[in-house]
Amino acid sequence: MSRARLFLSGIRAEGRHGARTGEKDAPQPFVVDLDLEVEGHDDSIEATADYREITDAVREVIELQSFDLIETMAGAIARRIASTPHVATATAVVHKPNAAGRLEIDGVAAAATATEGSPADG
């Protein structure tokens, strides 16, 4: 068995998250980048992580759960992805584009890492 790094970037979804008054009233955009360490047994698609399953799981966390902090959301996403088949380690970087505009900066993001065996959320 070997391990490789897999990067999935620009996973977009909308959700109701934020600590400020009114932030959860309407869905707002979030963008997630993943850095995964995946286990592979051979050169077949069945021997690696399923990109569709992973991107669907990220969107599900964003769309169906609610967090005050993007740090907490990043942790929930990383744990969820680390619990999927063939993923040994997952780092999730969550970008919140609307927050950057309010602060007049280029970006606001938080990252968290989880390993296989970490308890998954929801």
# chains A, B, ... in the order shown; residues from 1 in each chain; ligands from 1
call {"tool": "residues_around", "arguments": {"residues": "His95 in chain A", "least_positions_apart": "5", "cutoff": "6 Å", "atoms": "only C-alpha atoms", "output": "ChimeraX atom specification"}}
result
/A:30-31,108-109
call {"tool": "closest_atom_pairs", "arguments": {"of": "range 48-105 of chain A", "to": "range 4-15 of chain A", "cutoff": "6 Å", "atoms": "only C-alpha atoms", "output": "tab-separated table"}}
result
residue	atom	partner	partner_atom	distance
A:Arg59	CA	A:Ala13	CA	5.6
A:Ile62	CA	A:Gly15	CA	5.3
A:Glu63	CA	A:Gly15	CA	4.7
call {"tool": "residues_around", "arguments": {"residues": "Ala26 in chain A", "least_positions_apart": "2", "cutoff": "12 Å", "atoms": "only C-alpha atoms", "output": "PyMOL selection string"}}
result
chain A and resi 14-18+21-24+28-29+63+66
call {"tool": "write_last_selection", "arguments": {"atoms": "N, CA and C atoms", "output": "JSON list (two decimals), in the first residue's frame"}}
result
[["chain", "number", "residue", "atom", "x", "y", "z"],
["A", 14, "GLU", "N", -23.40, 26.87, -0.02],
["A", 14, "GLU", "CA", -23.95, 27.94, 0.80],
["A", 14, "GLU", "C", -24.51, 27.35, 2.07],
["A", 15, "GLY", "N", -24.36, 28.11, 3.16],
["A", 15, "GLY", "CA", -24.87, 27.65, 4.45],
["A", 15, "GLY", "C", -25.11, 28.82, 5.38],
["A", 16, "ARG", "N", -25.75, 28.50, 6.49],
["A", 16, "ARG", "CA", -26.09, 29.52, 7.51],
["A", 16, "ARG", "C", -25.13, 29.40, 8.67],
["A", 17, "HIS", "N", -24.06, 30.20, 8.60],
["A", 17, "HIS", "CA", -23.01, 30.14, 9.60],
["A", 17, "HIS", "C", -22.58, 31.55, 9.96],
["A", 18, "GLY", "N", -22.13, 31.72, 11.19],
["A", 18, "GLY", "CA", -21.58, 33.00, 11.62],
["A", 18, "GLY", "C", -21.96, 33.33, 13.04],
["A", 21, "THR", "N", -24.73, 38.89, 14.60],
["A", 21, "THR", "CA", -26.18, 38.98, 14.50],
["A", 21, "THR", "C", -26.59, 39.04, 13.03],
["A", 22, "GLY", "N", -27.52, 38.18, 12.64],
["A", 22, "GLY", "CA", -28.07, 38.18, 11.29],
["A", 22, "GLY", "C", -27.31, 37.31, 10.29],
["A", 23, "GLU", "N", -26.12, 36.83, 10.63],
["A", 23, "GLU", "CA", -25.34, 36.06, 9.66],
["A", 23, "GLU", "C", -26.00, 34.73, 9.28],
["A", 24, "LYS", "N", -26.80, 34.19, 10.18],
["A", 24, "LYS", "CA", -27.44, 32.90, 9.91],
["A", 24, "LYS", "C", -28.84, 33.06, 9.32],
["A", 28, "GLN", "N", -25.10, 31.97, 2.99],
["A", 28, "GLN", "CA", -24.01, 32.75, 2.41],
["A", 28, "GLN", "C", -22.97, 31.78, 1.84],
["A", 29, "PRO", "N", -22.15, 32.25, 0.92],
["A", 29, "PRO", "CA", -21.21, 31.34, 0.25],
["A", 29, "PRO", "C", -19.99, 30.98, 1.11],
["A", 63, "GLU", "N", -24.15, 22.76, 4.15],
["A", 63, "GLU", "CA", -25.56, 23.04, 3.91],
["A", 63, "GLU", "C", -26.50, 22.58, 5.02],
["A", 66, "SER", "N", -24.84, 24.00, 11.17],
["A", 66, "SER", "CA", -24.68, 25.43, 11.40],
["A", 66, "SER", "C", -23.61, 25.64, 12.46]]
call {"tool": "atom_distance", "arguments": {"atom1": "CA of Thr115 in chain A", "atom2": "CA of Leu64 in chain A"}}
result
22.7 Å
call {"tool": "select_by_dssp", "arguments": {"residues": "chain A", "states": "strand (DSSP E)", "output": "JSON, numbers by chain"}}
result
{"A": [2, 3, 4, 5, 6, 7, 8, 9, 10, 11, 12, 13, 14, 15, 28, 29, 30, 31, 32, 33, 34, 35, 36, 37, 38, 39, 40, 87, 88, 89, 90, 91, 92, 93, 94, 95, 109, 110, 111, 112, 113, 114, 115]}
call {"tool": "closest_residue", "arguments": {"among": "A:Asp106, A:Phe67, A:Ala92, A:Gly117", "to": "Arg20 in chain A", "atoms": "only C-alpha atoms"}}
result
A:Phe67
call {"tool": "closest_residue", "arguments": {"among": "A:His86, A:Lys96, A:His41, A:Arg3", "to": "Ala111 in chain A", "atoms": "only C-alpha atoms"}}
result
A:Lys96
call {"tool": "select_by_dssp", "arguments": {"residues": "range 15-118 of chain A", "states": "alpha helix (DSSP H)", "output": "number ranges by chain"}}
result
A: 51-64, 70-82, 97-103
